[in-house]
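Trainee: Contents are JSON, C-alpha atoms; file name structure-v9.json:
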[["chain", "number", "residue", "atom", "x", "y", "z"],
["A", 1, "MET", "CA", 127.33, 109.39, 113.64],
["A", 2, "SER", "CA", 124.25, 107.26, 112.87],
["A", 3, "ALA", "CA", 122.15, 105.57, 115.47],
["A", 4, "THR", "CA", 120.75, 102.09, 114.98],
["A", 5, "ALA", "CA", 116.97, 102.18, 114.64],
["A", 6, "THR", "CA", 115.07, 100.16, 117.18],
["A", 7, "HIS", "CA", 111.72, 100.41, 115.40],
["A", 8, "SER", "CA", 110.97, 99.14, 111.88],
["A", 9, "PHE", "CA", 108.08, 100.63, 109.97],
["A", 10, "VAL", "CA", 108.30, 97.72, 107.51],
["A", 11, "LEU", "CA", 108.06, 95.15, 110.27],
["A", 12, "GLU", "CA", 105.54, 97.06, 112.40],
["A", 13, "HIS", "CA", 103.01, 94.57, 111.02],
["A", 14, "ALA", "CA", 104.41, 91.06, 110.79],
["A", 15, "PRO", "CA", 104.78, 89.63, 107.30],
["A", 16, "ALA", "CA", 102.51, 86.78, 106.30],
["A", 17, "GLU", "CA", 103.67, 83.22, 106.51],
["A", 18, "PRO", "CA", 105.09, 82.04, 103.15],
["A", 19, "ALA", "CA", 102.09, 79.83, 102.29],
["A", 20, "ALA", "CA", 99.65, 82.68, 102.99],
["A", 21, "ALA", "CA", 101.81, 85.08, 100.97],
["A", 22, "GLU", "CA", 101.84, 82.66, 98.05],
["A", 23, "ARG", "CA", 98.04, 82.37, 98.11],
["A", 24, "TYR", "CA", 97.67, 86.16, 98.27],
["A", 25, "PHE", "CA", 100.05, 86.89, 95.38],
["A", 26, "LEU", "CA", 98.58, 84.14, 93.19],
["A", 27, "ALA", "CA", 95.10, 85.51, 93.88],
["A", 28, "LYS", "CA", 96.30, 89.01, 92.99],
["A", 29, "LEU", "CA", 97.59, 87.72, 89.64],
["A", 30, "ALA", "CA", 94.09, 86.40, 88.89],
["A", 31, "PHE", "CA", 92.88, 90.02, 88.88],
["A", 32, "GLU", "CA", 95.82, 91.89, 87.31],
["A", 33, "THR", "CA", 98.16, 91.78, 84.37],
["A", 34, "ASP", "CA", 100.82, 94.18, 83.17],
["A", 35, "PRO", "CA", 101.68, 95.99, 79.92],
["A", 36, "ALA", "CA", 104.57, 93.67, 79.03],
["A", 37, "ASP", "CA", 102.42, 90.52, 79.26],
["A", 38, "VAL", "CA", 99.54, 92.12, 77.34],
["A", 39, "HIS", "CA", 101.95, 93.28, 74.63],
["A", 40, "LEU", "CA", 103.49, 89.81, 74.29],
["A", 41, "ASP", "CA", 100.06, 88.19, 73.94],
["A", 42, "LEU", "CA", 98.98, 90.76, 71.33],
["A", 43, "GLU", "CA", 102.28, 90.45, 69.45],
["A", 44, "ARG", "CA", 101.94, 86.65, 69.39],
["A", 45, "GLY", "CA", 98.33, 86.92, 68.19],
["A", 46, "HIS", "CA", 96.81, 85.23, 71.23],
["A", 47, "LEU", "CA", 93.07, 85.03, 70.62],
["A", 48, "GLY", "CA", 91.92, 84.68, 74.23],
["A", 49, "ILE", "CA", 92.00, 88.34, 75.25],
["A", 50, "VAL", "CA", 90.22, 91.55, 74.29],
["A", 51, "VAL", "CA", 91.88, 94.79, 75.37],
["A", 52, "VAL", "CA", 89.46, 97.54, 76.42],
["A", 53, "ASP", "CA", 90.50, 101.18, 76.83],
["A", 54, "THR", "CA", 88.10, 102.64, 79.40],
["A", 55, "ARG", "CA", 89.04, 106.30, 78.84],
["A", 56, "SER", "CA", 87.09, 108.90, 76.88],
["A", 57, "PRO", "CA", 86.68, 108.59, 73.11],
["A", 58, "ASP", "CA", 88.90, 111.67, 72.66],
["A", 59, "ALA", "CA", 91.74, 110.22, 74.74],
["A", 60, "PHE", "CA", 91.39, 106.90, 72.92],
["A", 61, "ALA", "CA", 91.49, 108.63, 69.51],
["A", 62, "ARG", "CA", 94.74, 110.39, 70.40],
["A", 63, "CYS", "CA", 96.62, 107.37, 71.76],
["A", 64, "HIS", "CA", 95.75, 103.77, 72.59],
["A", 65, "VAL", "CA", 97.09, 100.24, 72.74],
["A", 66, "PRO", "CA", 97.07, 98.75, 69.22],
["A", 67, "GLY", "CA", 94.00, 96.59, 68.73],
["A", 68, "ALA", "CA", 92.21, 97.94, 71.81],
["A", 69, "ILE", "CA", 88.56, 98.85, 71.65],
["A", 70, "ASN", "CA", 87.16, 101.92, 73.39],
["A", 71, "LEU", "CA", 84.48, 101.37, 76.00],
["A", 72, "PRO", "CA", 84.40, 104.25, 78.50],
["A", 73, "THR", "CA", 83.69, 103.11, 82.03],
["A", 74, "ARG", "CA", 80.47, 105.08, 82.41],
["A", 75, "SER", "CA", 79.06, 103.65, 79.18],
["A", 76, "ILE", "CA", 79.35, 99.97, 80.16],
["A", 77, "SER", "CA", 75.97, 98.25, 80.04],
["A", 78, "PRO", "CA", 74.45, 95.03, 78.74],
["A", 79, "GLU", "CA", 73.78, 96.84, 75.44],
["A", 80, "THR", "CA", 77.30, 98.25, 74.97],
["A", 81, "THR", "CA", 78.94, 94.93, 75.80],
["A", 82, "ALA", "CA", 76.70, 92.72, 73.67],
["A", 83, "SER", "CA", 79.38, 92.32, 70.99],
["A", 84, "LEU", "CA", 82.18, 91.37, 73.40],
["A", 85, "PRO", "CA", 83.09, 87.68, 73.18],
["A", 86, "ARG", "CA", 81.99, 85.84, 76.32],
["A", 87, "GLY", "CA", 84.73, 83.22, 76.04],
["A", 88, "HIS", "CA", 87.58, 85.74, 76.16],
["A", 89, "VAL", "CA", 89.24, 87.53, 79.06],
["A", 90, "ILE", "CA", 88.64, 91.27, 78.93],
["A", 91, "VAL", "CA", 91.75, 93.30, 79.83],
["A", 92, "THR", "CA", 90.85, 96.81, 80.96],
["A", 93, "TYR", "CA", 93.12, 99.84, 81.18],
["A", 94, "CYS", "CA", 92.90, 103.59, 81.74],
["A", 95, "TRP", "CA", 95.48, 106.36, 82.30],
["A", 96, "GLY", "CA", 97.68, 104.76, 84.94],
["A", 97, "PRO", "CA", 98.15, 104.19, 88.66],
["A", 98, "GLY", "CA", 96.37, 107.43, 89.53],
["A", 99, "CYS", "CA", 93.21, 106.40, 87.68],
["A", 100, "ASN", "CA", 90.70, 103.79, 88.81],
["A", 101, "GLY", "CA", 88.51, 103.90, 85.70],
["A", 102, "SER", "CA", 89.74, 100.53, 84.52],
["A", 103, "THR", "CA", 89.14, 99.01, 87.96],
["A", 104, "ARG", "CA", 85.58, 100.33, 87.99],
["A", 105, "ALA", "CA", 85.13, 99.06, 84.41],
["A", 106, "ALA", "CA", 86.46, 95.64, 85.37],
["A", 107, "ALA", "CA", 83.98, 95.48, 88.25],
["A", 108, "LYS", "CA", 81.09, 96.43, 85.95],
["A", 109, "LEU", "CA", 82.16, 93.89, 83.33],
["A", 110, "ALA", "CA", 82.51, 91.16, 85.97],
["A", 111, "ALA", "CA", 79.00, 91.99, 87.21],
["A", 112, "LEU", "CA", 77.81, 91.42, 83.63],
["A", 113, "GLY", "CA", 79.39, 87.96, 83.63],
["A", 114, "PHE", "CA", 82.72, 88.64, 81.88],
["A", 115, "ARG", "CA", 86.07, 87.28, 83.00],
["A", 116, "VAL", "CA", 88.32, 90.31, 83.47],
["A", 117, "LYS", "CA", 91.83, 91.45, 84.34],
["A", 118, "ASP", "CA", 92.98, 95.00, 85.00],
["A", 119, "MET", "CA", 96.21, 96.09, 83.26],
["A", 120, "ILE", "CA", 98.20, 97.78, 86.02],
["A", 121, "GLY", "CA", 99.96, 100.95, 84.98],
["A", 122, "GLY", "CA", 97.51, 101.72, 82.18],
["A", 123, "ILE", "CA", 98.50, 103.55, 79.00],
["A", 124, "GLY", "CA", 101.04, 105.59, 80.99],
["A", 125, "TYR", "CA", 103.16, 102.58, 81.86],
["A", 126, "TRP", "CA", 102.54, 101.05, 78.43],
["A", 127, "ARG", "CA", 104.18, 104.13, 76.95],
["A", 128, "LYS", "CA", 106.93, 104.25, 79.61],
["A", 129, "GLU", "CA", 107.90, 100.73, 78.54],
["A", 130, "GLY", "CA", 108.25, 102.00, 74.96],
["A", 131, "LEU", "CA", 105.50, 99.73, 73.66],
["A", 132, "PRO", "CA", 103.77, 100.64, 70.38],
["A", 133, "VAL", "CA", 100.73, 102.89, 70.35],
["A", 134, "GLU", "CA", 98.16, 103.96, 67.78],
["A", 135, "GLY", "CA", 96.11, 107.10, 67.39],
["A", 136, "SER", "CA", 96.00, 110.56, 65.87],
["A", 137, "SER", "CA", 98.80, 111.97, 68.06],
["A", 138, "PRO", "CA", 100.42, 109.06, 69.90],
["A", 139, "ALA", "CA", 103.82, 110.71, 70.35],
["A", 140, "ASP", "CA", 102.58, 113.83, 72.12],
["A", 141, "ALA", "CA", 99.26, 112.69, 73.65],
["A", 142, "PRO", "CA", 99.07, 113.58, 77.36],
["A", 143, "LEU", "CA", 99.60, 110.79, 79.87],
["A", 144, "TYR", "CA", 96.47, 111.86, 81.78],
["A", 145, "ALA", "CA", 93.31, 113.84, 81.33]]
Is it possible to express this structure as structure tokens?
Mentor:
Amino acid sequence: MSATATHSFVLEHAPAEPAAAERYFLAKLAFETDPADVHLDLERGHLGIVVVDTRSPDAFARCHVPGAINLPTRSISPETTASLPRGHVIVTYCWGPGCNGSTRAAAKLAALGFRVKDMIGGIGYWRKEGLPVEGSSPADAPLYA
């Protein structure tokens, strides 16, 4: 026999009004993208984005998004970003949802004047979606460090 719940954890905090929710979700999309959209742009040869893998050079060498460049988060500086095109959107990624390296990289790049988006899910979700990868051991590279 099941009892009807009188308290909702979902509704404990009232949902936003639809107009406020729309503004929030549109704003969120200004900061994030996902593996499927990045893959489609790369596959179609869109020239407006540069994909940046923010993991270590070793992790990048083993497995990365095709066409990505490696720029570890801790190495981002005016000198290391001098060759990045200012008119493009930089798409950062790292391991996945449990890693904030790409978020920290995006913040550093934005502070240097770049337009940036963070690819949610990172290389982990890129691989889970079955998207192509490059590297010395892409099939058996670990999904995290």
Trainee: For CA of Pro35 in chain A and CA of Pro15 in chain A, quote the distance in Å rounded to one decimal.
Mentor: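 These two atoms are separated by 28.3 Å.
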Trainee: Please indicate the distance in Å from CA of Arg115 in chain A to CA of Pro132 in chain A, rounded to one decimal place.
Mentor: 25.5 Å
Trainee: Quick one: distance from CA of Trp95 in chain A to CA of Leu112 in chain A in Å, one decimal?
Mentor: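 Between these atoms lies a distance of 23.2 Å.
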Trainee: Which polymer residues have any atom within 12 Å of an atom of Ala82 in chain A, counting only C-alpha atoms, with same-chain residues fewer than 3 positions away left out, as a list in words?
Mentor: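 Result of the neighbour search: Leu71, Ile76, Ser77, Pro78, Glu79, Pro85, Arg86, Leu109, Leu112, Gly113 and Phe114 of chain A.
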Trainee: Using all atoms listed in the file, can you tell me which of A:Cys63, A:Val116, A:Ile69, A:Ala111 comes closest to Asp140 in chain A?
Mentor: A:Cys63
Trainee: Pick out the closest residue to Ala110 in chain A from this set: A:Gly130, A:Thr6, A:Gly48, A:Phe31. Count all atoms listed in the file.
Mentor: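 For Ala110 in chain A, the nearest of the candidates is A:Phe31.
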Trainee: Smallest atom-to-atom distance to Pro138 in chain A: which of A:His46, A:Arg62, A:His7, A:His13, using all atoms listed in the file?
Mentor: A:Arg62
Trainee: Around range 125-134 of chain A, fit a box with edges along x, y and z, padding it by 5 Å on each side, then list its centre and edge lengths in Å to one decimal as JSON.
Mentor:
{"center_x": 103.2, "center_y": 102.0, "center_z": 74.8, "size_x": 20.1, "size_y": 14.5, "size_z": 24.1}
Trainee: Hey, what's within 12 Å of Arg127 in chain A if we count only C-alpha atoms and toss same-chain stuff fewer than 4 positions away? As a list in words, please?
Mentor: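 Counting only C-alpha atoms, the residues come to Pro35, Ala36, His39, Cys63, His64, Val65, Pro66, Trp95, Gly96, Gly121, Gly122, Ile123, Leu131, Pro132, Val133, Glu134, Pro138, Ala139, Asp140, Ala141, Pro142, Leu143 and Tyr144 of chain A.
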Trainee: Restricting it to C-alpha atoms, dump the selection as a PDB file, keeping the file's coordinate frame.
Mentor:
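The result, written out as result-v9.pdb:
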ATOM      1  CA  PRO A  35     101.680  95.990  79.920  1.00  0.00           C
ATOM      2  CA  ALA A  36     104.570  93.670  79.030  1.00  0.00           C
ATOM      3  CA  HIS A  39     101.950  93.280  74.630  1.00  0.00           C
ATOM      4  CA  CYS A  63      96.620 107.370  71.760  1.00  0.00           C
ATOM      5  CA  HIS A  64      95.750 103.770  72.590  1.00  0.00           C
ATOM      6  CA  VAL A  65      97.090 100.240  72.740  1.00  0.00           C
ATOM      7  CA  PRO A  66      97.070  98.750  69.220  1.00  0.00           C
ATOM      8  CA  TRP A  95      95.480 106.360  82.300  1.00  0.00           C
ATOM      9  CA  GLY A  96      97.680 104.760  84.940  1.00  0.00           C
ATOM     10  CA  GLY A 121      99.960 100.950  84.980  1.00  0.00           C
ATOM     11  CA  GLY A 122      97.510 101.720  82.180  1.00  0.00           C
ATOM     12  CA  ILE A 123      98.500 103.550  79.000  1.00  0.00           C
ATOM     13  CA  LEU A 131     105.500  99.730  73.660  1.00  0.00           C
ATOM     14  CA  PRO A 132     103.770 100.640  70.380  1.00  0.00           C
ATOM     15  CA  VAL A 133     100.730 102.890  70.350  1.00  0.00           C
ATOM     16  CA  GLU A 134      98.160 103.960  67.780  1.00  0.00           C
ATOM     17  CA  PRO A 138     100.420 109.060  69.900  1.00  0.00           C
ATOM     18  CA  ALA A 139     103.820 110.710  70.350  1.00  0.00           C
ATOM     19  CA  ASP A 140     102.580 113.830  72.120  1.00  0.00           C
ATOM     20  CA  ALA A 141      99.260 112.690  73.650  1.00  0.00           C
ATOM     21  CA  PRO A 142      99.070 113.580  77.360  1.00  0.00           C
ATOM     22  CA  LEU A 143      99.600 110.790  79.870  1.00  0.00           C
ATOM     23  CA  TYR A 144      96.470 111.860  81.780  1.00  0.00           C
TER      24      TYR A 144
END
Trainee: Given all atoms listed in the file as the basis, pick out the residue of A:Lys117, A:Gly124, A:Ser137, A:Thr73 nearest to Asp37 in chain A.
Mentor: A:Lys117
Trainee: Could range 6-24 of chain A be completed with N, CA and C atoms and written as a short mmCIF file (atom, residue, chain, number, x, y, z; two decimals), keeping the file's coordinate frame, please?
Mentor:
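Heads up, here's the output in rebuild09.cif:
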data_model
loop_
_atom_site.label_atom_id
_atom_site.label_comp_id
_atom_site.auth_asym_id
_atom_site.auth_seq_id
_atom_site.Cartn_x
_atom_site.Cartn_y
_atom_site.Cartn_z
N THR A 6 115.63 101.25 116.38
CA THR A 6 115.07 100.16 117.18
C THR A 6 113.66 99.79 116.72
N HIS A 7 113.07 100.67 115.90
CA HIS A 7 111.72 100.41 115.40
C HIS A 7 111.76 100.29 113.87
N SER A 8 111.07 99.31 113.32
CA SER A 8 110.97 99.14 111.88
C SER A 8 109.55 99.41 111.43
N PHE A 9 109.40 100.36 110.53
CA PHE A 9 108.08 100.63 109.97
C PHE A 9 107.66 99.48 109.04
N VAL A 10 108.60 98.87 108.38
CA VAL A 10 108.30 97.72 107.51
C VAL A 10 107.79 96.55 108.33
N LEU A 11 108.40 96.32 109.46
CA LEU A 11 108.06 95.15 110.27
C LEU A 11 107.07 95.46 111.38
N GLU A 12 106.54 96.68 111.40
CA GLU A 12 105.54 97.06 112.40
C GLU A 12 104.36 96.08 112.38
N HIS A 13 104.02 95.62 111.21
CA HIS A 13 103.01 94.57 111.02
C HIS A 13 103.75 93.36 110.48
N ALA A 14 103.65 92.26 111.16
CA ALA A 14 104.41 91.06 110.79
C ALA A 14 104.07 90.61 109.38
N PRO A 15 105.07 90.15 108.64
CA PRO A 15 104.78 89.63 107.30
C PRO A 15 104.01 88.32 107.40
N ALA A 16 103.29 88.03 106.35
CA ALA A 16 102.51 86.78 106.30
C ALA A 16 103.44 85.59 106.23
N GLU A 17 102.94 84.47 106.67
CA GLU A 17 103.67 83.22 106.51
C GLU A 17 103.81 82.95 105.00
N PRO A 18 104.87 82.26 104.59
CA PRO A 18 105.09 82.04 103.15
C PRO A 18 103.90 81.42 102.41
N ALA A 19 103.24 80.46 102.98
CA ALA A 19 102.09 79.83 102.29
C ALA A 19 100.96 80.82 102.10
N ALA A 20 100.71 81.66 103.10
CA ALA A 20 99.65 82.68 102.99
C ALA A 20 100.06 83.74 101.96
N ALA A 21 101.33 84.11 101.95
CA ALA A 21 101.81 85.08 100.97
C ALA A 21 101.66 84.53 99.55
N GLU A 22 101.99 83.27 99.37
CA GLU A 22 101.84 82.66 98.05
C GLU A 22 100.39 82.70 97.59
N ARG A 23 99.46 82.34 98.46
CA ARG A 23 98.04 82.37 98.11
C ARG A 23 97.60 83.79 97.74
N TYR A 24 98.03 84.77 98.53
CA TYR A 24 97.67 86.16 98.27
C TYR A 24 98.19 86.62 96.90
#
